[in-house]
file upload_1.cif (mmCIF, C-alpha atoms and all ligand atoms)
data_entry
#
loop_
_atom_site.group_PDB
_atom_site.id
_atom_site.type_symbol
_atom_site.label_atom_id
_atom_site.label_comp_id
_atom_site.auth_asym_id
_atom_site.auth_seq_id
_atom_site.Cartn_x
_atom_site.Cartn_y
_atom_site.Cartn_z
ATOM 1 C CA MET L 22 -6.235 19.899 -0.734
ATOM 2 C CA ILE L 23 -5.696 22.317 -3.604
ATOM 3 C CA ILE L 24 -7.771 21.654 -6.735
ATOM 4 C CA THR L 25 -6.627 23.203 -10.012
ATOM 5 C CA HIS L 26 -7.853 23.144 -13.566
ATOM 6 C CA ASP L 27 -5.803 25.616 -15.595
ATOM 7 C CA LEU L 28 -2.073 25.168 -16.077
ATOM 8 C CA VAL L 29 -1.048 28.512 -14.553
ATOM 9 C CA SER L 30 -2.826 27.820 -11.239
ATOM 10 C CA PHE L 31 -1.466 24.307 -11.206
ATOM 11 C CA LEU L 32 2.149 25.455 -11.719
ATOM 12 C CA LYS L 33 1.745 28.147 -9.092
ATOM 13 C CA ALA L 34 0.573 25.560 -6.539
ATOM 14 C CA ARG L 35 3.188 23.026 -7.646
ATOM 15 C CA ASN L 36 6.016 25.516 -7.238
ATOM 16 C CA GLN L 37 5.143 26.016 -3.562
ATOM 17 C CA LEU L 38 6.093 22.368 -2.873
ATOM 18 C CA ASP L 39 9.518 21.027 -1.999
ATOM 19 C CA ASP L 40 11.065 19.665 -5.214
ATOM 20 C CA LYS L 41 12.647 16.632 -3.600
ATOM 21 C CA ASN L 42 9.541 15.390 -1.875
ATOM 22 C CA ILE L 43 6.794 14.851 -4.444
ATOM 23 C CA ALA L 44 5.143 11.572 -5.442
ATOM 24 C CA PHE L 45 2.863 11.715 -8.471
ATOM 25 C CA VAL L 46 -0.165 9.534 -9.246
ATOM 26 C CA PRO L 47 -1.449 9.950 -12.821
ATOM 27 C CA THR L 48 -5.049 8.792 -13.319
ATOM 28 C CA MET L 49 -7.957 9.048 -15.711
ATOM 29 C CA GLY L 50 -10.440 9.430 -12.865
ATOM 30 C CA ALA L 51 -13.428 7.213 -11.941
ATOM 31 C CA LEU L 52 -11.297 6.408 -8.932
ATOM 32 C CA HIS L 53 -11.507 3.132 -7.016
ATOM 33 C CA GLU L 54 -9.464 1.338 -4.355
ATOM 34 C CA GLY L 55 -6.755 0.539 -6.907
ATOM 35 C CA HIS L 56 -6.089 4.277 -7.345
ATOM 36 C CA LEU L 57 -6.332 4.858 -3.602
ATOM 37 C CA ALA L 58 -3.601 2.238 -3.067
ATOM 38 C CA LEU L 59 -1.405 4.351 -5.386
ATOM 39 C CA VAL L 60 -2.198 7.456 -3.328
ATOM 40 C CA LYS L 61 -1.438 5.562 -0.103
ATOM 41 C CA LYS L 62 1.932 4.453 -1.487
ATOM 42 C CA ALA L 63 2.675 8.005 -2.696
ATOM 43 C CA ARG L 64 1.986 9.373 0.791
ATOM 44 C CA GLU L 65 4.303 6.769 2.337
ATOM 45 C CA ILE L 66 7.278 7.607 0.124
ATOM 46 C CA ALA L 67 7.067 11.402 -0.136
ATOM 47 C CA LYS L 68 5.837 14.397 1.797
ATOM 48 C CA TYR L 69 3.533 15.638 -0.968
ATOM 49 C CA CYS L 70 1.167 13.732 -3.234
ATOM 50 C CA ILE L 71 0.001 15.185 -6.558
ATOM 51 C CA VAL L 72 -2.787 13.472 -8.533
ATOM 52 C CA THR L 73 -3.865 14.283 -12.083
ATOM 53 C CA ILE L 74 -7.229 13.339 -13.554
ATOM 54 C CA PHE L 75 -7.140 13.461 -17.335
ATOM 55 C CA VAL L 76 -8.991 11.168 -19.724
ATOM 56 C CA ASN L 77 -6.273 11.207 -22.349
ATOM 57 C CA PRO L 78 -7.876 11.184 -25.826
ATOM 58 C CA LEU L 79 -4.595 10.175 -27.475
ATOM 59 C CA GLN L 80 -4.471 6.716 -25.873
ATOM 60 C CA PHE L 81 -7.944 5.552 -26.986
ATOM 61 C CA ASP L 82 -8.042 3.692 -30.293
ATOM 62 C CA GLN L 83 -11.855 3.406 -30.102
ATOM 63 C CA LYS L 84 -13.744 6.707 -30.034
ATOM 64 C CA ASP L 85 -16.730 5.056 -28.267
ATOM 65 C CA ASP L 86 -14.505 3.812 -25.449
ATOM 66 C CA PHE L 87 -13.236 7.395 -24.947
ATOM 67 C CA ILE L 88 -16.748 8.860 -24.981
ATOM 68 C CA ARG L 89 -18.167 6.344 -22.527
ATOM 69 C CA TYR L 90 -15.168 6.469 -20.148
ATOM 70 C CA PRO L 91 -16.750 7.382 -16.774
ATOM 71 C CA LYS L 92 -16.296 11.003 -15.663
ATOM 72 C CA LEU L 93 -17.013 11.478 -11.944
ATOM 73 C CA GLU L 94 -15.222 14.682 -10.942
ATOM 74 C CA ASN L 95 -17.151 15.371 -7.699
ATOM 75 C CA GLU L 96 -16.868 11.810 -6.380
ATOM 76 C CA ASP L 97 -13.176 11.697 -7.315
ATOM 77 C CA VAL L 98 -12.408 14.969 -5.514
ATOM 78 C CA LYS L 99 -14.154 13.687 -2.374
ATOM 79 C CA LEU L 100 -12.119 10.469 -2.372
ATOM 80 C CA LEU L 101 -8.841 12.330 -2.910
ATOM 81 C CA GLU L 102 -9.653 14.760 -0.134
ATOM 82 C CA GLN L 103 -10.441 11.862 2.244
ATOM 83 C CA ASN L 104 -7.106 10.304 1.301
ATOM 84 C CA GLN L 105 -5.106 13.453 2.071
ATOM 85 C CA VAL L 106 -3.865 14.297 -1.382
ATOM 86 C CA ASP L 107 -2.117 17.693 -1.461
ATOM 87 C CA LEU L 108 -2.720 18.860 -5.009
ATOM 88 C CA VAL L 109 -5.099 17.701 -7.741
ATOM 89 C CA TRP L 110 -4.876 18.849 -11.329
ATOM 90 C CA PHE L 111 -7.560 18.339 -13.974
ATOM 91 C CA PRO L 112 -5.501 19.327 -17.044
ATOM 92 C CA LYS L 113 -7.288 20.856 -19.997
ATOM 93 C CA VAL L 114 -6.785 19.139 -23.349
ATOM 94 C CA GLU L 115 -5.202 22.310 -24.761
ATOM 95 C CA ASP L 116 -2.614 22.364 -21.961
ATOM 96 C CA ILE L 117 -1.522 18.825 -22.692
ATOM 97 C CA TYR L 118 -1.924 19.074 -26.485
ATOM 98 C CA PRO L 119 -1.708 22.740 -27.567
ATOM 99 C CA PRO L 120 -3.124 23.485 -31.054
ATOM 100 C CA ASP L 121 0.205 23.095 -32.912
ATOM 101 C CA PHE L 122 1.328 20.096 -30.875
ATOM 102 C CA ALA L 123 3.403 17.843 -33.157
ATOM 103 C CA THR L 124 5.782 15.727 -31.067
ATOM 104 C CA HIS L 125 4.983 12.244 -29.819
ATOM 105 C CA ILE L 126 6.888 9.705 -27.776
ATOM 106 C CA VAL L 127 7.135 6.391 -29.627
ATOM 107 C CA VAL L 128 8.341 3.497 -27.497
ATOM 108 C CA ASN L 129 9.197 0.268 -29.327
ATOM 109 C CA GLY L 130 10.321 -2.926 -27.522
ATOM 110 C CA PRO L 131 7.672 -3.823 -24.901
ATOM 111 C CA ALA L 132 5.159 -1.404 -26.464
ATOM 112 C CA LEU L 133 4.935 -3.326 -29.741
ATOM 113 C CA LEU L 134 3.321 -6.453 -28.303
ATOM 114 C CA TRP L 135 -0.079 -7.413 -26.821
ATOM 115 C CA GLU L 136 -1.966 -4.187 -25.954
ATOM 116 C CA GLY L 137 0.335 -2.274 -28.309
ATOM 117 C CA ALA L 138 -0.400 -4.613 -31.212
ATOM 118 C CA LEU L 139 -4.154 -4.743 -30.536
ATOM 119 C CA ARG L 140 -4.761 -1.048 -29.766
ATOM 120 C CA LYS L 141 -2.974 1.012 -32.411
ATOM 121 C CA GLY L 142 -1.408 4.170 -30.982
ATOM 122 C CA HIS L 143 -2.348 3.270 -27.403
ATOM 123 C CA PHE L 144 1.163 3.345 -25.943
ATOM 124 C CA LEU L 145 2.149 6.353 -28.035
ATOM 125 C CA GLY L 146 -0.727 8.138 -26.289
ATOM 126 C CA VAL L 147 0.246 6.838 -22.844
ATOM 127 C CA ALA L 148 3.954 7.638 -23.232
ATOM 128 C CA THR L 149 3.291 11.114 -24.639
ATOM 129 C CA VAL L 150 0.877 12.144 -21.877
ATOM 130 C CA VAL L 151 3.015 10.682 -19.090
ATOM 131 C CA TYR L 152 6.118 12.421 -20.498
ATOM 132 C CA ARG L 153 4.287 15.790 -20.627
ATOM 133 C CA LEU L 154 2.893 15.320 -17.108
ATOM 134 C CA PHE L 155 6.362 14.437 -15.774
ATOM 135 C CA LYS L 156 7.738 17.646 -17.370
ATOM 136 C CA PHE L 157 5.069 19.848 -15.770
ATOM 137 C CA ILE L 158 5.075 18.138 -12.368
ATOM 138 C CA LYS L 159 8.776 17.204 -11.998
ATOM 139 C CA PRO L 160 8.019 14.520 -9.383
ATOM 140 C CA GLN L 161 10.696 12.584 -7.549
ATOM 141 C CA PHE L 162 8.493 9.460 -7.606
ATOM 142 C CA ALA L 163 5.609 8.282 -9.813
ATOM 143 C CA CYS L 164 3.274 5.444 -8.800
ATOM 144 C CA PHE L 165 1.657 3.041 -11.284
ATOM 145 C CA GLY L 166 -0.628 0.046 -10.706
ATOM 146 C CA GLU L 167 0.473 -3.445 -11.684
ATOM 147 C CA LYS L 168 -2.915 -4.160 -13.207
ATOM 148 C CA ASP L 169 -1.533 -2.489 -16.343
ATOM 149 C CA TRP L 170 1.670 -4.510 -16.228
ATOM 150 C CA GLN L 171 2.646 -3.806 -19.827
ATOM 151 C CA GLN L 172 2.058 -0.068 -19.334
ATOM 152 C CA ILE L 173 4.565 -0.086 -16.451
ATOM 153 C CA GLN L 174 7.205 -1.763 -18.642
ATOM 154 C CA VAL L 175 6.598 0.759 -21.445
ATOM 155 C CA ILE L 176 6.967 3.701 -19.040
ATOM 156 C CA ARG L 177 10.091 2.124 -17.499
ATOM 157 C CA ARG L 178 11.586 1.837 -20.994
ATOM 158 C CA MET L 179 10.757 5.492 -21.748
ATOM 159 C CA VAL L 180 12.179 6.722 -18.419
ATOM 160 C CA ALA L 181 15.400 4.750 -18.947
ATOM 161 C CA ASP L 182 15.829 5.655 -22.618
ATOM 162 C CA LEU L 183 15.089 9.365 -22.174
ATOM 163 C CA ILE L 184 17.005 9.522 -18.869
ATOM 164 C CA LEU L 185 14.051 11.062 -17.028
ATOM 165 C CA PRO L 186 14.808 11.946 -13.388
ATOM 166 C CA VAL L 187 11.921 10.086 -11.762
ATOM 167 C CA ILE L 188 11.748 6.901 -9.699
ATOM 168 C CA LEU L 189 8.921 4.586 -10.770
ATOM 169 C CA VAL L 190 7.105 2.710 -8.040
ATOM 170 C CA ASN L 191 4.884 -0.315 -8.807
ATOM 171 C CA VAL L 192 1.824 -0.954 -6.665
ATOM 172 C CA PRO L 193 0.281 -4.473 -6.597
ATOM 173 C CA ILE L 194 -3.167 -5.150 -8.071
ATOM 174 C CA ILE L 195 -6.124 -4.482 -5.766
ATOM 175 C CA ARG L 196 -8.862 -7.090 -6.179
ATOM 176 C CA GLU L 197 -12.514 -7.469 -5.259
ATOM 177 C CA LYS L 198 -13.262 -10.137 -2.604
ATOM 178 C CA ASP L 199 -13.894 -12.658 -5.400
ATOM 179 C CA GLY L 200 -10.559 -11.893 -7.083
ATOM 180 C CA LEU L 201 -11.673 -9.630 -9.945
ATOM 181 C CA ALA L 202 -9.025 -6.922 -10.474
ATOM 182 C CA LYS L 203 -10.494 -3.490 -9.654
ATOM 183 C CA SER L 204 -11.007 -1.383 -12.760
ATOM 184 C CA SER L 205 -12.984 1.705 -13.718
ATOM 185 C CA ARG L 206 -14.540 -0.348 -16.527
ATOM 186 C CA ASN L 207 -15.972 -3.088 -14.233
ATOM 187 C CA ARG L 208 -19.060 -0.910 -13.713
ATOM 188 C CA PHE L 209 -20.073 -1.699 -17.310
ATOM 189 C CA LEU L 210 -20.363 -5.461 -16.632
ATOM 190 C CA SER L 211 -23.939 -6.766 -16.590
ATOM 191 C CA GLU L 212 -25.041 -8.704 -13.500
ATOM 192 C CA LYS L 213 -24.400 -12.025 -15.257
ATOM 193 C CA GLU L 214 -21.018 -10.902 -16.582
ATOM 194 C CA ARG L 215 -19.990 -9.651 -13.135
ATOM 195 C CA ILE L 216 -20.663 -13.132 -11.691
ATOM 196 C CA LYS L 217 -18.568 -14.720 -14.431
ATOM 197 C CA ALA L 218 -15.708 -12.163 -14.450
ATOM 198 C CA PRO L 219 -13.656 -13.521 -11.460
ATOM 199 C CA PHE L 220 -13.143 -16.765 -13.399
ATOM 200 C CA LEU L 221 -10.380 -14.910 -15.262
ATOM 201 C CA TYR L 222 -8.512 -14.395 -11.995
ATOM 202 C CA LYS L 223 -9.231 -17.970 -10.848
ATOM 203 C CA THR L 224 -7.803 -19.333 -14.088
ATOM 204 C CA LEU L 225 -4.691 -17.152 -13.758
ATOM 205 C CA GLN L 226 -4.236 -18.327 -10.167
ATOM 206 C CA GLN L 227 -4.694 -22.025 -11.029
ATOM 207 C CA THR L 228 -2.352 -21.789 -14.000
ATOM 208 C CA TYR L 229 0.226 -19.926 -11.935
ATOM 209 C CA ASP L 230 0.055 -22.544 -9.153
ATOM 210 C CA GLN L 231 0.447 -25.410 -11.636
ATOM 211 C CA LEU L 232 3.424 -23.721 -13.307
ATOM 212 C CA GLN L 233 5.088 -23.081 -9.965
ATOM 213 C CA LYS L 234 4.732 -26.823 -9.301
ATOM 214 C CA GLY L 235 6.486 -27.619 -12.583
ATOM 215 C CA ALA L 236 3.603 -28.132 -15.058
ATOM 216 C CA TYR L 237 4.459 -28.015 -18.776
ATOM 217 C CA LEU L 238 3.932 -24.397 -19.909
ATOM 218 C CA PHE L 239 2.369 -25.113 -23.296
ATOM 219 C CA SER L 240 -0.270 -27.514 -21.893
ATOM 220 C CA ALA L 241 -1.072 -25.288 -18.900
ATOM 221 C CA LEU L 242 -1.713 -22.289 -21.191
ATOM 222 C CA GLU L 243 -3.783 -24.363 -23.626
ATOM 223 C CA LYS L 244 -5.966 -25.637 -20.788
ATOM 224 C CA ALA L 245 -6.459 -22.115 -19.395
ATOM 225 C CA ARG L 246 -7.455 -20.744 -22.831
ATOM 226 C CA SER L 247 -9.865 -23.579 -23.458
ATOM 227 C CA ASP L 248 -11.482 -23.255 -19.974
ATOM 228 C CA LEU L 249 -11.953 -19.503 -20.453
ATOM 229 C CA GLU L 250 -13.409 -19.847 -23.927
ATOM 230 C CA LYS L 251 -15.816 -22.557 -22.714
ATOM 231 C CA ALA L 252 -16.893 -20.189 -19.934
ATOM 232 C CA GLY L 253 -17.804 -17.534 -22.516
ATOM 233 C CA PHE L 254 -14.726 -15.273 -22.463
ATOM 234 C CA ASN L 255 -13.614 -13.871 -25.778
ATOM 235 C CA LEU L 256 -9.830 -14.091 -25.380
ATOM 236 C CA ASP L 257 -7.394 -11.614 -26.894
ATOM 237 C CA TYR L 258 -4.474 -13.367 -25.212
ATOM 238 C CA PHE L 259 -3.617 -15.530 -22.235
ATOM 239 C CA THR L 260 0.078 -16.179 -22.225
ATOM 240 C CA ALA L 261 3.392 -16.208 -20.367
ATOM 241 C CA VAL L 262 5.978 -13.523 -21.052
ATOM 242 C CA ASN L 263 9.266 -12.202 -19.766
ATOM 243 C CA LYS L 264 8.165 -9.684 -17.124
ATOM 244 C CA ASN L 265 10.289 -6.835 -18.571
ATOM 245 C CA SER L 266 10.481 -7.360 -22.334
ATOM 246 C CA LEU L 267 6.931 -8.755 -22.608
ATOM 247 C CA ARG L 268 8.275 -11.307 -25.106
ATOM 248 C CA GLU L 269 6.529 -14.682 -25.013
ATOM 249 C CA ILE L 270 8.546 -17.397 -23.259
ATOM 250 C CA SER L 271 8.611 -21.155 -23.756
ATOM 251 C CA ASN L 272 9.808 -22.126 -20.270
ATOM 252 C CA TRP L 273 8.410 -20.888 -16.967
ATOM 253 C CA ASP L 274 11.028 -19.198 -14.747
ATOM 254 C CA SER L 275 11.354 -16.569 -12.024
ATOM 255 C CA ASN L 276 11.252 -13.721 -14.601
ATOM 256 C CA ALA L 277 7.938 -14.872 -16.048
ATOM 257 C CA ARG L 278 4.559 -13.162 -15.847
ATOM 258 C CA LEU L 279 1.184 -14.494 -16.944
ATOM 259 C CA ILE L 280 -0.764 -11.807 -18.797
ATOM 260 C CA THR L 281 -4.277 -11.859 -20.183
ATOM 261 C CA ALA L 282 -6.898 -9.717 -21.882
ATOM 262 C CA ALA L 283 -10.403 -11.034 -22.451
ATOM 263 C CA ARG L 284 -13.736 -9.622 -23.395
ATOM 264 C CA LEU L 285 -16.992 -10.322 -21.578
ATOM 265 C CA GLY L 286 -19.766 -8.719 -23.617
ATOM 266 C CA THR L 287 -18.529 -5.204 -24.370
ATOM 267 C CA VAL L 288 -16.124 -5.019 -21.435
ATOM 268 C CA ARG L 289 -12.446 -5.795 -21.907
ATOM 269 C CA LEU L 290 -10.795 -7.210 -18.777
ATOM 270 C CA LEU L 291 -7.027 -7.084 -18.222
ATOM 271 C CA ASP L 292 -5.194 -9.082 -15.580
ATOM 272 C CA ASN L 293 -1.785 -10.566 -14.837
ATOM 273 C CA MET L 294 0.082 -12.533 -12.182
HETATM 274 O O1 LIG T 1 -3.276 3.999 -16.334
HETATM 275 C C1 LIG T 1 -3.907 5.036 -16.625
HETATM 276 O O2 LIG T 1 -4.898 5.385 -15.990
HETATM 277 C C2 LIG T 1 -3.440 5.872 -17.800
HETATM 278 O O3 LIG T 1 -2.940 5.078 -18.818
HETATM 279 C C3 LIG T 1 -2.436 6.970 -17.414
HETATM 280 C C4 LIG T 1 -1.144 6.374 -16.858
HETATM 281 C C5 LIG T 1 -3.056 7.881 -16.357
HETATM 282 C C6 LIG T 1 -2.074 7.816 -18.626
HETATM 283 O O4 LIG T 1 -3.190 8.438 -19.163
#
call {"tool": "encode", "arguments": {"input": "upload_1.cif", "output": "structure tokens"}}
result
Amino acid sequence: MIITHDLVSFLKARNQLDDKNIAFVPTMGALHEGHLALVKKAREIAKYCIVTIFVNPLQFDQKDDFIRYPKLENEDVKLLEQNQVDLVWFPKVEDIYPPDFATHIVVNGPALLWEGALRKGHFLGVATVVYRLFKFIKPQFACFGEKDWQQIQVIRRMVADLILPVILVNVPIIREKDGLAKSSRNRFLSEKERIKAPFLYKTLQQTYDQLQKGAYLFSALEKARSDLEKAGFNLDYFTAVNKNSLREISNWDSNARLITAARLGTVRLLDNM
């Protein structure tokens, strides 16, 4: 596995690889089994797998969240090596955002709702970094985890609207045994919060099952919200949306997705089904 930090070494290594056979996995590090599932998928669909580890300052609306984001370079490298990644790049901030950098990618549509409405500038940061990484890496495929369902729809919109030559591949959510979606932020849950956290998944699952059996959408969502609040979750949203546009729906159908964001203490949990 080749490990690079500066842009010149990265491009040199990248240019040795066959253009038509690269799958890219963008990450912010603190890798877990969710990321490794992306790497596994990348290795199945292409000959070469490139991973980036870059905690993108532009997508954090809270400075504290950026500062406390876990940075575990040595552990991450070990995991990527064990999972047969070909090339890892730890971009420098000045390579992604040079001093006079002045162009951003603004996605509207699915980026305006939910996470986009609650975290100002978040999707501008995500779209801009992913666009720049795509330009440097020129992958044939890029793999993203379904845990950030809205993020996938925003990137799909950008790729379609800007006619970017990359095929996006979704990878299903990887969960702990008790159902909690794997996330780099789970490590910040206290012992008590960790015991409570899977209730978010259980509520999604129960609500989903009821809706599939024909339950009335409005009542099912109200019950889920009330159960979660009683259990001590501070809900940002728990709702049903069209899976592509992210617009709220009033009738459950095969294009629907349940999405939720809830806080337990200082940790914000995202999930969807
Ligand atoms: O999902 C993430 O980890 C990040 O949003 C991404 C796609 C690596 C962009 O910084």
call {"tool": "closest_residue", "arguments": {"input": "upload_1.cif", "among": "L:Leu139, L:Ala282, L:Cys164, L:Val180", "to": "ligand LIG 1 (chain T)", "atoms": "all atoms listed in the file"}}
result
L:Cys164
call {"tool": "atom_distance", "arguments": {"input": "upload_1.cif", "atom1": "CA of Phe122 in chain L", "atom2": "CA of Gln80 in chain L"}}
result
15.4 Å
call {"tool": "residues_near_ligand", "arguments": {"input": "upload_1.cif", "ligand": "ligand LIG 1 (chain T)", "cutoff": "10 Å", "atoms": "only C-alpha atoms and all ligand atoms", "output": "number ranges by chain"}}
result
L: 46-52, 56, 72-81, 143-144, 146-152, 154, 163-170, 172-173, 176, 204-205
call {"tool": "resolve_selection", "arguments": {"input": "upload_1.cif", "expression": "the PyMOL selection byres (((chain L and resi 276) around 10) and not hetatm)", "output": "ChimeraX atom specification"}}
result
/L:262-265,270,273-275,277-278
call {"tool": "resolve_selection", "arguments": {"input": "upload_1.cif", "expression": "the PyMOL selection byres (((chain L and resi 218) around 12) and not hetatm)", "output": "PyMOL selection string"}}
result
chain L and resi 196-197+199-204+207-217+219-224+249+252-255+282-286+288-292
call {"tool": "resolve_selection", "arguments": {"input": "upload_1.cif", "expression": "the PyMOL selection byres (((chain L and resi 35) around 10) and not hetatm)", "output": "count of residues only"}}
result
23
call {"tool": "residues_around", "arguments": {"input": "upload_1.cif", "residues": "Pro119 in chain L", "least_positions_apart": "6", "cutoff": "12 Å", "atoms": "all atoms listed in the file", "output": "PyMOL selection string"}}
result
chain L and resi 28+112-113+153
call {"tool": "closest_residue", "arguments": {"input": "upload_1.cif", "among": "L:Asn95, L:Gln174, L:Asn293, L:Thr124", "to": "Gln226 in chain L", "atoms": "only C-alpha atoms"}}
result
L:Asn293
call {"tool": "atom_distance", "arguments": {"input": "upload_1.cif", "atom1": "CA of Ile88 in chain L", "atom2": "CA of Arg206 in chain L"}}
result
12.7 Å
call {"tool": "atom_distance", "arguments": {"input": "upload_1.cif", "atom1": "CA of Ile66 in chain L", "atom2": "CA of Ala44 in chain L"}}
result
7.2 Å
call {"tool": "closest_residue", "arguments": {"input": "upload_1.cif", "among": "L:Ala245, L:Leu238, L:Leu225, L:Ile188", "to": "Ala63 in chain L", "atoms": "all atoms listed in the file"}}
result
L:Ile188
call {"tool": "residues_around", "arguments": {"input": "upload_1.cif", "residues": "Thr260 in chain L", "least_positions_apart": "2", "cutoff": "9 Å", "atoms": "all atoms listed in the file", "output": "PyMOL selection string"}}
result
chain L and resi 242+246+258+262+269-270+278-281
call {"tool": "closest_residue", "arguments": {"input": "upload_1.cif", "among": "L:Thr287, L:Gln161, L:Gln233, L:Asn104", "to": "His53 in chain L", "atoms": "all atoms listed in the file"}}
result
L:Asn104
call {"tool": "closest_residue", "arguments": {"input": "upload_1.cif", "among": "L:His26, L:Arg140, L:Lys198, L:Lys234", "to": "Asp82 in chain L", "atoms": "all atoms listed in the file"}}
result
L:Arg140
call {"tool": "closest_residue", "arguments": {"input": "upload_1.cif", "among": "L:Lys41, L:Val175, L:Ile117, L:Phe111", "to": "Lys92 in chain L", "atoms": "only C-alpha atoms"}}
result
L:Phe111
